[in-house]
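What's in protein_0.csv: CSV, N, CA and C atoms
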chain,number,residue,atom,x,y,z
A,1,MET,N,130.6,211.6,31.2
A,1,MET,CA,130.8,212.1,29.8
A,1,MET,C,131.1,211.0,28.8
A,2,LYS,N,131.6,210.0,29.3
A,2,LYS,CA,132.0,208.9,28.3
A,2,LYS,C,130.7,208.3,27.8
A,3,ILE,N,129.7,208.2,28.6
A,3,ILE,CA,128.5,207.6,28.1
A,3,ILE,C,127.7,208.4,27.1
A,4,GLU,N,127.8,209.7,27.3
A,4,GLU,CA,127.2,210.6,26.3
A,4,GLU,C,127.9,210.5,24.9
A,5,LYS,N,129.2,210.3,25.0
A,5,LYS,CA,130.0,210.1,23.7
A,5,LYS,C,129.6,208.8,23.0
A,6,GLN,N,129.4,207.8,23.8
A,6,GLN,CA,129.0,206.5,23.3
A,6,GLN,C,127.6,206.6,22.6
A,7,PHE,N,126.7,207.4,23.3
A,7,PHE,CA,125.4,207.5,22.7
A,7,PHE,C,125.4,208.3,21.4
A,8,GLN,N,126.3,209.3,21.4
A,8,GLN,CA,126.4,210.1,20.1
A,8,GLN,C,127.0,209.2,19.0
A,9,ASP,N,128.0,208.4,19.4
A,9,ASP,CA,128.6,207.5,18.3
A,9,ASP,C,127.5,206.5,17.8
A,10,ILE,N,126.7,206.0,18.7
A,10,ILE,CA,125.7,205.1,18.3
A,10,ILE,C,124.7,205.8,17.4
A,11,SER,N,124.3,207.0,17.8
A,11,SER,CA,123.2,207.7,17.0
A,11,SER,C,123.8,208.1,15.6
A,12,GLN,N,125.1,208.3,15.5
A,12,GLN,CA,125.7,208.7,14.2
A,12,GLN,C,126.0,207.5,13.3
A,13,SER,N,126.1,206.3,13.9
A,13,SER,CA,126.4,205.2,13.1
A,13,SER,C,125.1,204.7,12.4
A,14,GLN,N,125.4,204.0,11.2
A,14,GLN,CA,124.2,203.6,10.4
A,14,GLN,C,124.1,202.1,10.5
A,15,PHE,N,123.0,201.6,10.9
A,15,PHE,CA,122.7,200.2,11.0
A,15,PHE,C,121.8,199.9,9.8
A,16,SER,N,122.2,198.8,9.1
A,16,SER,CA,121.3,198.4,8.0
A,16,SER,C,120.5,197.2,8.5
A,17,ALA,N,119.3,197.1,8.1
A,17,ALA,CA,118.5,196.0,8.5
A,17,ALA,C,119.0,194.7,7.8
A,18,PRO,N,119.0,193.6,8.5
A,18,PRO,CA,119.6,192.4,7.9
A,18,PRO,C,118.7,191.9,6.8
A,19,ASP,N,119.3,191.4,5.8
A,19,ASP,CA,118.6,190.8,4.6
A,19,ASP,C,118.0,189.5,5.0
A,20,GLY,N,116.7,189.3,5.0
A,20,GLY,CA,116.1,188.1,5.5
A,20,GLY,C,116.4,186.9,4.6
A,21,ASP,N,116.5,187.1,3.3
A,21,ASP,CA,116.8,185.9,2.4
A,21,ASP,C,118.2,185.4,2.6
A,22,SER,N,119.2,186.3,2.7
A,22,SER,CA,120.5,185.9,2.9
A,22,SER,C,120.7,185.2,4.2
A,23,PHE,N,120.0,185.7,5.2
A,23,PHE,CA,120.1,185.2,6.6
A,23,PHE,C,119.5,183.7,6.6
A,24,LEU,N,118.4,183.5,5.9
A,24,LEU,CA,117.8,182.2,5.9
A,24,LEU,C,118.6,181.2,5.1
A,25,GLU,N,119.3,181.8,4.0
A,25,GLU,CA,120.1,180.9,3.2
A,25,GLU,C,121.4,180.5,4.0
A,26,LYS,N,122.0,181.4,4.7
A,26,LYS,CA,123.1,181.0,5.5
A,26,LYS,C,122.7,180.1,6.7
A,27,LEU,N,121.5,180.3,7.3
A,27,LEU,CA,121.0,179.4,8.3
A,27,LEU,C,120.8,178.0,7.8
A,28,HIS,N,120.2,177.9,6.6
A,28,HIS,CA,119.9,176.6,6.0
A,28,HIS,C,121.2,175.9,5.6
A,29,ASN,N,122.2,176.6,5.1
A,29,ASN,CA,123.5,176.0,4.7
A,29,ASN,C,124.2,175.5,6.0
A,30,GLU,N,124.1,176.3,7.1
A,30,GLU,CA,124.8,175.9,8.3
A,30,GLU,C,124.1,174.6,8.9
A,31,ARG,N,122.8,174.6,8.8
A,31,ARG,CA,122.0,173.4,9.3
A,31,ARG,C,122.4,172.2,8.4
A,32,GLN,N,122.5,172.3,7.1
A,32,GLN,CA,122.9,171.2,6.2
A,32,GLN,C,124.3,170.7,6.5
A,33,ARG,N,125.2,171.7,6.8
A,33,ARG,CA,126.6,171.3,7.1
A,33,ARG,C,126.6,170.5,8.4
A,34,ARG,N,125.9,170.9,9.4
A,34,ARG,CA,125.9,170.2,10.7
A,34,ARG,C,125.3,168.8,10.6
A,35,ILE,N,124.2,168.8,9.8
A,35,ILE,CA,123.5,167.5,9.6
A,35,ILE,C,124.5,166.6,8.8
A,36,GLY,N,125.2,167.1,7.8
A,36,GLY,CA,126.1,166.3,7.1
A,36,GLY,C,127.2,165.8,7.9
A,37,LYS,N,127.8,166.6,8.8
A,37,LYS,CA,128.8,166.1,9.7
A,37,LYS,C,128.3,165.0,10.6
A,38,LYS,N,127.1,165.2,11.2
A,38,LYS,CA,126.5,164.2,12.0
A,38,LYS,C,126.3,162.9,11.3
A,39,VAL,N,125.7,162.9,10.1
A,39,VAL,CA,125.5,161.7,9.3
A,39,VAL,C,126.8,161.1,8.9
A,40,GLY,N,127.8,161.9,8.6
A,40,GLY,CA,129.1,161.3,8.2
A,40,GLY,C,129.7,160.6,9.4
A,41,PHE,N,129.6,161.2,10.6
A,41,PHE,CA,130.1,160.6,11.8
A,41,PHE,C,129.4,159.2,12.1
A,42,LEU,N,128.1,159.2,12.0
A,42,LEU,CA,127.3,158.0,12.2
A,42,LEU,C,127.6,156.9,11.2
A,43,ASN,N,127.8,157.3,9.9
A,43,ASN,CA,128.2,156.4,8.9
A,43,ASN,C,129.5,155.8,9.2
A,44,GLY,N,130.5,156.6,9.6
A,44,GLY,CA,131.8,156.1,9.9
A,44,GLY,C,131.8,155.2,11.1
A,45,LEU,N,131.0,155.6,12.1
A,45,LEU,CA,130.9,154.7,13.3
A,45,LEU,C,130.3,153.4,13.0
A,46,SER,N,129.2,153.4,12.1
A,46,SER,CA,128.6,152.2,11.7
A,46,SER,C,129.5,151.3,10.9
A,47,ALA,N,130.2,151.9,10.0
A,47,ALA,CA,131.2,151.1,9.2
A,47,ALA,C,132.3,150.5,10.1
A,48,GLY,N,132.8,151.3,11.1
A,48,GLY,CA,133.8,150.8,12.0
A,48,GLY,C,133.2,149.6,12.8
A,49,ILE,N,132.0,149.7,13.3
A,49,ILE,CA,131.4,148.6,14.1
A,49,ILE,C,131.3,147.3,13.2
A,50,ILE,N,130.8,147.5,12.0
A,50,ILE,CA,130.6,146.4,11.1
A,50,ILE,C,132.0,145.7,10.8
A,51,VAL,N,133.0,146.5,10.5
A,51,VAL,CA,134.4,145.9,10.3
A,51,VAL,C,134.9,145.2,11.6
A,52,ALA,N,134.6,145.8,12.7
A,52,ALA,CA,135.1,145.2,14.0
A,52,ALA,C,134.4,143.9,14.2
A,53,VAL,N,133.1,143.8,14.0
A,53,VAL,CA,132.3,142.6,14.2
A,53,VAL,C,132.8,141.5,13.3
A,54,PHE,N,132.9,141.8,12.0
A,54,PHE,CA,133.4,140.8,11.0
A,54,PHE,C,134.8,140.4,11.3
A,55,GLY,N,135.6,141.3,11.8
A,55,GLY,CA,137.0,141.0,12.2
A,55,GLY,C,137.0,140.0,13.3
A,56,LEU,N,136.2,140.3,14.4
A,56,LEU,CA,136.1,139.4,15.5
A,56,LEU,C,135.6,138.0,15.1
A,57,ILE,N,134.6,138.0,14.3
A,57,ILE,CA,134.0,136.7,13.8
A,57,ILE,C,135.1,135.9,13.1
A,58,THR,N,135.8,136.6,12.2
A,58,THR,CA,136.8,135.9,11.4
A,58,THR,C,138.0,135.4,12.3
A,59,THR,N,138.5,136.2,13.2
A,59,THR,CA,139.6,135.8,14.0
A,59,THR,C,139.2,134.8,15.0
A,60,SER,N,137.9,134.7,15.4
A,60,SER,CA,137.5,133.7,16.4
A,60,SER,C,137.5,132.3,15.7
A,61,GLN,N,137.4,132.3,14.4
A,61,GLN,CA,137.4,131.0,13.7
A,61,GLN,C,138.8,130.5,13.3
A,62,LEU,N,139.8,131.4,13.5
A,62,LEU,CA,141.2,131.0,13.1
A,62,LEU,C,141.8,130.1,14.2
A,63,THR,N,142.6,129.2,13.9
A,63,THR,CA,143.3,128.3,14.8
A,63,THR,C,144.7,127.9,14.3
A,64,ASP,N,145.5,127.5,15.2
A,64,ASP,CA,146.8,127.1,14.8
A,64,ASP,C,146.9,125.5,14.7
A,65,ASP,N,145.8,124.9,15.0
A,65,ASP,CA,145.8,123.4,14.9
A,65,ASP,C,145.4,122.9,13.5
A,66,PRO,N,146.4,122.4,12.8
A,66,PRO,CA,146.1,122.0,11.4
A,66,PRO,C,145.1,120.8,11.3
A,67,THR,N,145.0,120.0,12.4
A,67,THR,CA,144.1,118.9,12.3
A,67,THR,C,142.6,119.3,12.2
A,68,ILE,N,142.3,120.5,12.7
A,68,ILE,CA,140.9,120.9,12.6
A,68,ILE,C,140.6,121.2,11.1
A,69,PHE,N,141.5,121.8,10.4
A,69,PHE,CA,141.2,122.1,9.0
A,69,PHE,C,141.3,120.8,8.2
A,70,ALA,N,142.3,120.0,8.4
A,70,ALA,CA,142.4,118.7,7.7
A,70,ALA,C,141.3,117.8,8.0
A,71,SER,N,140.8,117.7,9.2
A,71,SER,CA,139.7,116.8,9.5
A,71,SER,C,138.4,117.2,8.9
A,72,ASN,N,138.3,118.5,8.7
A,72,ASN,CA,137.1,119.0,8.1
A,72,ASN,C,137.1,118.7,6.6
A,73,ASP,N,138.3,118.7,6.0
A,73,ASP,CA,138.4,118.6,4.6
A,73,ASP,C,138.6,117.1,4.1
A,74,LEU,N,139.3,116.3,4.9
A,74,LEU,CA,139.7,115.0,4.5
A,74,LEU,C,138.9,113.8,5.0
A,75,THR,N,138.1,114.0,6.0
A,75,THR,CA,137.4,112.9,6.6
A,75,THR,C,136.5,112.1,5.7
A,76,PRO,N,135.7,112.7,4.9
A,76,PRO,CA,134.8,111.9,4.1
A,76,PRO,C,135.4,111.4,2.8
A,77,LEU,N,136.5,110.5,2.9
A,77,LEU,CA,137.1,110.0,1.7
A,77,LEU,C,136.2,109.2,0.8
A,78,GLU,N,135.2,108.6,1.5
A,78,GLU,CA,134.3,107.7,0.7
A,78,GLU,C,133.5,108.5,-0.3
A,79,ILE,N,133.2,109.7,0.0
A,79,ILE,CA,132.3,110.4,-0.9
A,79,ILE,C,133.1,111.4,-1.8
A,80,MET,N,134.4,111.3,-1.8
A,80,MET,CA,135.2,112.2,-2.7
A,80,MET,C,135.2,111.6,-4.1
A,81,ASP,N,135.3,112.5,-5.1
A,81,ASP,CA,135.4,112.0,-6.5
A,81,ASP,C,136.9,111.5,-6.7
A,82,ASN,N,137.1,110.8,-7.7
A,82,ASN,CA,138.4,110.1,-8.0
A,82,ASN,C,139.6,111.1,-8.0
A,83,GLU,N,139.3,112.3,-8.7
A,83,GLU,CA,140.4,113.3,-8.8
A,83,GLU,C,140.8,113.9,-7.4
A,84,THR,N,139.8,114.1,-6.6
A,84,THR,CA,140.1,114.7,-5.2
A,84,THR,C,140.8,113.6,-4.4
A,85,GLU,N,140.3,112.4,-4.5
A,85,GLU,CA,141.0,111.3,-3.7
A,85,GLU,C,142.4,111.1,-4.1
A,86,GLU,N,142.6,111.2,-5.4
A,86,GLU,CA,144.0,111.1,-5.9
A,86,GLU,C,144.9,112.2,-5.4
A,87,PHE,N,144.3,113.4,-5.4
A,87,PHE,CA,145.0,114.6,-4.9
A,87,PHE,C,145.4,114.4,-3.4
A,88,VAL,N,144.4,113.9,-2.6
A,88,VAL,CA,144.7,113.7,-1.2
A,88,VAL,C,145.8,112.7,-1.0
A,89,TYR,N,145.8,111.6,-1.7
A,89,TYR,CA,146.8,110.6,-1.6
A,89,TYR,C,148.2,111.1,-2.0
A,90,GLU,N,148.2,111.9,-3.1
A,90,GLU,CA,149.5,112.6,-3.5
A,90,GLU,C,150.0,113.6,-2.4
A,91,LEU,N,149.0,114.3,-1.8
A,91,LEU,CA,149.4,115.2,-0.8
A,91,LEU,C,150.0,114.5,0.5
A,92,ALA,N,149.4,113.4,0.8
A,92,ALA,CA,149.9,112.6,2.0
A,92,ALA,C,151.2,112.1,1.6
A,93,GLU,N,151.4,111.6,0.4
A,93,GLU,CA,152.8,111.1,0.0
A,93,GLU,C,153.8,112.2,0.1
A,94,TYR,N,153.4,113.4,-0.4
A,94,TYR,CA,154.3,114.5,-0.3
A,94,TYR,C,154.7,114.9,1.1
A,95,LEU,N,153.7,114.9,2.0
A,95,LEU,CA,154.0,115.2,3.4
A,95,LEU,C,154.9,114.2,4.0
A,96,VAL,N,154.7,112.9,3.7
A,96,VAL,CA,155.6,111.9,4.3
A,96,VAL,C,157.0,112.0,3.7
A,97,GLU,N,157.2,112.2,2.4
A,97,GLU,CA,158.5,112.3,1.8
A,97,GLU,C,159.3,113.5,2.3
A,98,ASN,N,158.6,114.6,2.5
A,98,ASN,CA,159.3,115.9,2.8
A,98,ASN,C,159.2,116.3,4.2
A,99,SER,N,158.8,115.5,5.1
A,99,SER,CA,158.7,115.9,6.5
A,99,SER,C,160.1,115.7,7.2
A,100,ASP,N,160.3,116.6,8.1
A,100,ASP,CA,161.5,116.4,9.0
A,100,ASP,C,161.4,115.3,10.0
A,101,ASP,N,160.2,115.2,10.5
A,101,ASP,CA,159.9,114.2,11.5
A,101,ASP,C,158.8,113.3,11.0
A,102,ILE,N,159.1,112.1,10.5
A,102,ILE,CA,158.2,111.2,9.9
A,102,ILE,C,157.1,110.8,10.9
A,103,TRP,N,157.5,110.6,12.2
A,103,TRP,CA,156.5,110.1,13.2
A,103,TRP,C,155.5,111.2,13.5
A,104,GLU,N,155.9,112.4,13.5
A,104,GLU,CA,155.0,113.5,13.7
A,104,GLU,C,154.0,113.6,12.5
A,105,THR,N,154.5,113.4,11.3
A,105,THR,CA,153.6,113.4,10.1
A,105,THR,C,152.6,112.2,10.1
A,106,LEU,N,153.1,111.0,10.5
A,106,LEU,CA,152.2,109.9,10.6
A,106,LEU,C,151.2,110.1,11.7
A,107,THR,N,151.6,110.7,12.8
A,107,THR,CA,150.6,111.0,13.9
A,107,THR,C,149.6,112.0,13.4
A,108,PHE,N,150.0,113.0,12.6
A,108,PHE,CA,149.1,113.9,12.1
A,108,PHE,C,148.1,113.2,11.1
A,109,LEU,N,148.6,112.4,10.3
A,109,LEU,CA,147.7,111.6,9.3
A,109,LEU,C,146.7,110.7,10.1
A,110,ASP,N,147.2,110.2,11.2
A,110,ASP,CA,146.3,109.3,12.0
A,110,ASP,C,145.3,110.2,12.7
A,111,GLU,N,145.6,111.3,13.2
A,111,GLU,CA,144.7,112.2,13.9
A,111,GLU,C,143.5,112.7,12.9
A,112,ILE,N,143.9,112.9,11.7
A,112,ILE,CA,142.8,113.3,10.7
A,112,ILE,C,142.1,112.1,10.1
A,113,GLU,N,142.5,110.9,10.7
A,113,GLU,CA,141.8,109.6,10.3
A,113,GLU,C,142.0,109.4,8.8
A,114,PHE,N,143.2,109.6,8.3
A,114,PHE,CA,143.6,109.3,6.9
A,114,PHE,C,143.5,107.8,6.7
A,115,GLU,N,142.7,107.4,5.8
A,115,GLU,CA,142.3,106.0,5.6
A,115,GLU,C,143.5,105.0,5.6
A,116,THR,N,144.5,105.3,4.9
A,116,THR,CA,145.6,104.4,4.7
A,116,THR,C,146.3,104.2,6.1
A,117,VAL,N,146.5,105.2,6.8
A,117,VAL,CA,147.2,105.2,8.1
A,117,VAL,C,146.4,104.4,9.1
A,118,VAL,N,145.0,104.6,9.1
A,118,VAL,CA,144.1,103.9,10.0
A,118,VAL,C,144.2,102.4,9.8
A,119,THR,N,144.2,102.1,8.5
A,119,THR,CA,144.3,100.7,8.1
A,119,THR,C,145.6,100.1,8.6
A,120,MET,N,146.7,100.8,8.4
A,120,MET,CA,148.0,100.3,8.9
A,120,MET,C,148.0,100.1,10.4
A,121,ASN,N,147.4,101.0,11.1
A,121,ASN,CA,147.4,100.9,12.6
A,121,ASN,C,146.5,99.7,13.1
A,122,ASN,N,145.6,99.3,12.3
A,122,ASN,CA,144.7,98.2,12.7
A,122,ASN,C,145.2,96.9,12.1
A,123,GLY,N,146.4,96.9,11.6
A,123,GLY,CA,147.0,95.7,11.1
A,123,GLY,C,146.4,95.3,9.7
A,124,GLY,N,145.9,96.2,9.0
A,124,GLY,CA,145.4,95.9,7.6
A,124,GLY,C,144.0,95.2,7.6
A,125,LEU,N,143.3,95.3,8.7
A,125,LEU,CA,142.0,94.6,8.9
A,125,LEU,C,140.8,95.4,8.4
A,126,GLU,N,141.0,96.7,8.1
A,126,GLU,CA,139.9,97.5,7.7
A,126,GLU,C,139.6,97.6,6.3

Turn the structure described in the file into structure tokens.
Amino acid sequence: MKIEKQFQDISQSQFSAPDGDSFLEKLHNERQRRIGKKVGFLNGLSAGIIVAVFGLITTSQLTDDPTIFASNDLTPLEIMDNETEEFVYELAEYLVENSDDIWETLTFLDEIEFETVVTMNNGGLE
């Protein structure tokens, strides 16, 4: 008896035919939303990878050894202009005057092959 009642309920209910245009519009909007989410995810992933690669490249070049930076910047004293050379000598003088350990500072200047210190170590022969 229950099944007959369900058939009667179904026959009495009114089904409207789906509107094709609204269905296609909803379908198209849903596809656009899913594509937008996928593109947004891929863009975010790409940006994250780029930031990570540049971060690794940058951090791999960092060091705690000051002689690497100084030796790159101060070695070619012969080709420096007068203003830069004067600055380098003033900087060396400042380091010597304000250092806590003068021998460590002189060792540092010797390691970066600072011209005046190298000459002092060779007995003024250079």

Problem - Straight-line distance linking atom C of Ala47 (chain A) with atom N of Thr59 (chain A), stated in Å to one decimal - result: 15.9 Å

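Between atom N of Glu97 (chain A) and CA of Asn82 (chain A) the separation is 21.6 Å.
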
Practice task
Enter the distance from atom N of Asn98 (chain A) to atom N of Asp110 (chain A), in Å, rounded to one decimal.
Solution key: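 Distance between the two atoms: 15.0 Å.
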